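Okay, structure first, notes after.
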Amino acid sequence: MAATLRIAAEVSNLAAIRRFVGQAAASLGVPARIVEGLELAVDELAMNIIQHGYRNQPGEIEIEVQGGGEAVVICLRDEAGPFDPTQQPDPDITLPLEERPIGGLGIFLARQQVDAMSYRRTSADRNELTLTKTLNNSSVQEPSEVTQHEHDQ
Amino acid sequence: MEITVSQAQGRVPVTIFGIQGDIDVTSYEQLQALAKQSAEAGTQHLILDLSAVPYVSSAGIRAINTIFNLLRRNAPNESDEAVRRGLRDGTFKSAHLKLLNPSPRVVEVLSIAGIDMLVEIHKDLNTAVAAF
């Protein structure tokens, strides 16, 4: 199962992006706590695409959420210049917040929410960022759209 | 995001921002601007009531950090060195800024970002007011 959103790369769309990710992940049966983390991760990374990829110029972001029983995988794709957030160093969290460069915080928060984050520049000159969150089998809930009728069968 | 401003009197006068809505990239500047305006009007002790804040992103963390610095005084016990030493020893918390009743989701983000090292988090308004 997969759900895809293609939307203008504008900060005013970030709330809609969060809602899309939340609804798509919940419909896959992902537990609420993990859904919240995925919303945060995509929000921060989409923000980076808008600011550092498109540099606040017009563009689009495509977000695809797919999953099965073991993992949820989210792809963010855009047509901005090459920008690889996985190469950004983590802030040194042993330093007081005062002394940390604040810019890397969004990507750091995103990384904390997923098990893997990989980047590639596609042959079609797109950036593609793939987030993978592994689910424990015990943590997967019944997808919310499954009806009682289907249970009965 | 909407912010309701109220006052409480403890040992010192305390200003309370009741924030409703997400603190994200579309709203953090509004929060920072109101805090700056309030500080310029004399506020020295501020509580950010996060009870009705469903979501905080890195932009919200940036705003809270900015407000922490805005309220910091040029006093020996709040110097860069004192803050650094206090953070290292686990003895520093802002004397000017407290957070009230964040959701578990928001607490997690505050914690990952290290804001909870700088600012006390309270669950009860009276306790927060009395903590100044």
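Residues are named by chain letter and number: chains run A, B, ... in the order of the structure tokens, numbers start at 1 in each chain, and ligands are numbered from 1 in the order shown.
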Exercise. Please, which residues of chain B lie no more than 8 Å from chain A when the count uses only C-alpha atoms, and can they be set out as a list in words?
Worked result: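 Residues passing the distance filter: Val25, Thr26, Ser57, Ser58, Ala59, Arg62, Arg84, Leu87, Arg105, Val109, Ile112, Ala113, Gly114 and Ile115 of chain B.
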Using DSSP on the backbone, list every residue of stretch 15-107 of chain B that comes out as strand (DSSP E), and give them as a tab-separated table (two decimals) with N, CA and C atoms, in the first residue's frame.
```
chain	number	residue	atom	x	y	z
B	15	THR	N	4.60	36.71	33.97
B	15	THR	CA	3.76	36.79	32.77
B	15	THR	C	3.59	35.39	32.21
B	16	ILE	N	2.36	35.08	31.79
B	16	ILE	CA	2.08	33.75	31.26
B	16	ILE	C	1.58	33.88	29.82
B	17	PHE	N	2.24	33.18	28.92
B	17	PHE	CA	1.76	33.09	27.53
B	17	PHE	C	1.01	31.77	27.39
B	18	GLY	N	-0.29	31.84	27.24
B	18	GLY	CA	-1.08	30.64	26.94
B	18	GLY	C	-1.10	30.45	25.44
B	19	ILE	N	-0.35	29.46	24.98
B	19	ILE	CA	-0.16	29.28	23.53
B	19	ILE	C	-1.13	28.21	23.03
B	20	GLN	N	-1.83	28.52	21.97
B	20	GLN	CA	-2.73	27.53	21.36
B	20	GLN	C	-2.32	27.31	19.92
B	46	LEU	N	8.77	34.69	32.79
B	46	LEU	CA	7.80	34.28	31.78
B	46	LEU	C	7.56	32.77	31.86
B	47	ILE	N	6.28	32.41	31.79
B	47	ILE	CA	5.91	31.00	31.67
B	47	ILE	C	5.29	30.80	30.28
B	48	LEU	N	5.78	29.83	29.56
B	48	LEU	CA	5.13	29.43	28.31
B	48	LEU	C	4.23	28.24	28.63
B	49	ASP	N	2.92	28.48	28.60
B	49	ASP	CA	1.96	27.41	28.86
B	49	ASP	C	1.75	26.64	27.56
B	50	LEU	N	2.25	25.40	27.54
B	50	LEU	CA	2.22	24.59	26.32
B	50	LEU	C	1.08	23.56	26.34
B	51	SER	N	0.13	23.73	27.27
B	51	SER	CA	-0.96	22.75	27.42
B	51	SER	C	-1.71	22.52	26.11
B	52	ALA	N	-1.87	23.59	25.32
B	52	ALA	CA	-2.67	23.49	24.09
B	52	ALA	C	-1.78	23.57	22.85
B	97	LEU	N	12.61	31.85	32.79
B	97	LEU	CA	11.70	31.18	31.85
B	97	LEU	C	11.36	29.78	32.36
B	98	LYS	N	10.08	29.46	32.39
B	98	LYS	CA	9.62	28.10	32.75
B	98	LYS	C	8.63	27.64	31.68
B	99	LEU	N	8.56	26.33	31.51
B	99	LEU	CA	7.59	25.76	30.58
B	99	LEU	C	6.53	25.01	31.37
B	100	LEU	N	5.28	25.13	30.91
B	100	LEU	CA	4.17	24.53	31.64
B	100	LEU	C	3.46	23.48	30.79
```
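Comparing A:Asp84, A:Glu10, A:Asp115, A:Glu128 by their smallest distance to A:Glu62, the closest is A:Glu128 (using only C-alpha atoms).
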For this session: For each of A:Ile74, A:Ala25, A:Ile34, A:Ala9, take the minimum atom-to-atom distance to A:Tyr54, counting only C-alpha atoms, then give the residue where this is smallest.
Result: A:Ala9
Problem set entry | Best match for closeness to B:Arg88 among B:Arg11, B:Leu118, B:Val107, B:Glu2, counting only C-alpha atoms |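 Of B:Arg11, B:Leu118, B:Val107, B:Glu2, the one nearest B:Arg88, counting only C-alpha atoms, is B:Leu118.
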Exercise. Hey, can you check how far atom CA of B:Ile3 sits from atom CA of B:Leu34?
Worked result: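 Atom-to-atom, atom CA of B:Ile3 and atom CA of B:Leu34 are spaced 8.7 Å apart.
Close contacts of A:Ala3, defined as residues with an atom at most 10 Å away when counting only C-alpha atoms, with chain neighbours fewer than 3 positions off set aside, comprise Phe20, Val21, Gln23, Ala24, Ala25, Ser27, Leu28, Ile63, Glu64, Val65, Gln66, Gly67 and Ile74 of chain A.
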Only N, CA, C and O atoms, please: the residues just picked out, written as a PDB file, in the first residue's frame.
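Output (part.pdb):
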```
ATOM      1  N   PHE A  20      -0.915  14.788   5.942  1.00  0.00           N
ATOM      2  CA  PHE A  20      -0.870  13.700   4.969  1.00  0.00           C
ATOM      3  C   PHE A  20      -0.056  12.526   5.522  1.00  0.00           C
ATOM      4  O   PHE A  20      -0.503  11.371   5.478  1.00  0.00           O
ATOM      5  N   VAL A  21       1.126  12.812   6.037  1.00  0.00           N
ATOM      6  CA  VAL A  21       1.989  11.748   6.565  1.00  0.00           C
ATOM      7  C   VAL A  21       1.290  11.046   7.733  1.00  0.00           C
ATOM      8  O   VAL A  21       1.301   9.817   7.829  1.00  0.00           O
ATOM      9  N   GLN A  23      -1.939  10.782   8.387  1.00  0.00           N
ATOM     10  CA  GLN A  23      -3.082   9.957   7.962  1.00  0.00           C
ATOM     11  C   GLN A  23      -2.612   8.716   7.206  1.00  0.00           C
ATOM     12  O   GLN A  23      -3.137   7.617   7.413  1.00  0.00           O
ATOM     13  N   ALA A  24      -1.605   8.903   6.349  1.00  0.00           N
ATOM     14  CA  ALA A  24      -1.124   7.762   5.554  1.00  0.00           C
ATOM     15  C   ALA A  24      -0.499   6.704   6.459  1.00  0.00           C
ATOM     16  O   ALA A  24      -0.748   5.504   6.302  1.00  0.00           O
ATOM     17  N   ALA A  25       0.308   7.139   7.425  1.00  0.00           N
ATOM     18  CA  ALA A  25       0.965   6.182   8.322  1.00  0.00           C
ATOM     19  C   ALA A  25      -0.051   5.508   9.228  1.00  0.00           C
ATOM     20  O   ALA A  25       0.007   4.288   9.464  1.00  0.00           O
ATOM     21  N   SER A  27      -3.111   4.904   8.584  1.00  0.00           N
ATOM     22  CA  SER A  27      -3.917   3.949   7.816  1.00  0.00           C
ATOM     23  C   SER A  27      -3.142   2.653   7.551  1.00  0.00           C
ATOM     24  O   SER A  27      -3.739   1.632   7.208  1.00  0.00           O
ATOM     25  N   LEU A  28      -1.819   2.697   7.726  1.00  0.00           N
ATOM     26  CA  LEU A  28      -1.016   1.481   7.602  1.00  0.00           C
ATOM     27  C   LEU A  28      -0.942   0.718   8.930  1.00  0.00           C
ATOM     28  O   LEU A  28      -0.277  -0.313   9.020  1.00  0.00           O
ATOM     29  N   ILE A  63       5.802  13.329  -1.773  1.00  0.00           N
ATOM     30  CA  ILE A  63       5.998  12.498  -0.584  1.00  0.00           C
ATOM     31  C   ILE A  63       5.209  11.213  -0.756  1.00  0.00           C
ATOM     32  O   ILE A  63       4.004  11.250  -1.026  1.00  0.00           O
ATOM     33  N   GLU A  64       5.915  10.110  -0.630  1.00  0.00           N
ATOM     34  CA  GLU A  64       5.270   8.803  -0.787  1.00  0.00           C
ATOM     35  C   GLU A  64       5.441   8.027   0.512  1.00  0.00           C
ATOM     36  O   GLU A  64       6.560   7.890   1.021  1.00  0.00           O
ATOM     37  N   VAL A  65       4.342   7.546   1.029  1.00  0.00           N
ATOM     38  CA  VAL A  65       4.364   6.754   2.259  1.00  0.00           C
ATOM     39  C   VAL A  65       3.927   5.348   1.915  1.00  0.00           C
ATOM     40  O   VAL A  65       2.848   5.146   1.354  1.00  0.00           O
ATOM     41  N   GLN A  66       4.783   4.372   2.198  1.00  0.00           N
ATOM     42  CA  GLN A  66       4.388   2.994   1.938  1.00  0.00           C
ATOM     43  C   GLN A  66       4.834   2.115   3.084  1.00  0.00           C
ATOM     44  O   GLN A  66       5.771   2.435   3.808  1.00  0.00           O
ATOM     45  N   GLY A  67       4.165   1.010   3.227  1.00  0.00           N
ATOM     46  CA  GLY A  67       4.530   0.143   4.340  1.00  0.00           C
ATOM     47  C   GLY A  67       3.824  -1.170   4.295  1.00  0.00           C
ATOM     48  O   GLY A  67       2.825  -1.355   3.594  1.00  0.00           O
ATOM     49  N   ILE A  74       9.231   6.093   3.783  1.00  0.00           N
ATOM     50  CA  ILE A  74       8.746   7.369   3.252  1.00  0.00           C
ATOM     51  C   ILE A  74       9.805   7.939   2.321  1.00  0.00           C
ATOM     52  O   ILE A  74      10.968   8.061   2.697  1.00  0.00           O
TER      53      ILE A  74
END
```
Problem set entry | Secondary structure check, alpha helix (DSSP H) residues of chain B, as a VMD selection string | chain B and resid 28 to 40 58 to 71 80 to 89 104 to 113 125 to 130
Problem set entry | 10 Å contact set for A:Gly68, only C-alpha atoms, chain neighbours under 4 positions out, as a list in words |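 Residues meeting the cut-off are Met1, Ala2, Leu28, Gly29, Val30, Val72, Val73, Leu135 and Val140 of chain A.
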Exercise. Using only C-alpha atoms, which of the listed residues (A:Ile50, A:Ile7, A:Glu70, A:Leu131) sits closest to A:Gln113?
Worked result: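 Nearest candidate to A:Gln113 out of A:Ile50, A:Ile7, A:Glu70, A:Leu131: A:Leu131.
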Problem set entry | Two-atom distance - atom CA of A:Asn56, atom CA of B:Met1 (Å) | 22.7 Å
Exercise. Within 9 Å of B:Ala95, counting only C-alpha atoms, which residues qualify if same-chain residues fewer than 5 places away don't, as number ranges by chain?
Worked result: B: 45, 71-72, 78, 119, 131-132
Restricted to C-alpha atoms, what would the selected residues look like written as an mmCIF file, in the first residue's frame?
```cif
data_model
loop_
_atom_site.group_PDB
_atom_site.id
_atom_site.type_symbol
_atom_site.label_atom_id
_atom_site.label_comp_id
_atom_site.auth_asym_id
_atom_site.auth_seq_id
_atom_site.Cartn_x
_atom_site.Cartn_y
_atom_site.Cartn_z
ATOM 1 C CA HIS B 45 9.687 36.193 34.432
ATOM 2 C CA LEU B 71 15.352 37.024 29.299
ATOM 3 C CA ARG B 72 18.871 36.219 30.430
ATOM 4 C CA GLU B 78 23.881 34.019 34.276
ATOM 5 C CA VAL B 119 14.539 25.408 31.376
ATOM 6 C CA ALA B 131 9.399 28.354 41.147
ATOM 7 C CA PHE B 132 10.603 31.868 40.290
#
```
For this session: Give me, please, the distance in Å between atom CA of A:Thr4 and atom CA of B:Val106, quoted to one decimal.
Result: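 Rounded to one decimal, the two atoms are 27.1 Å apart.
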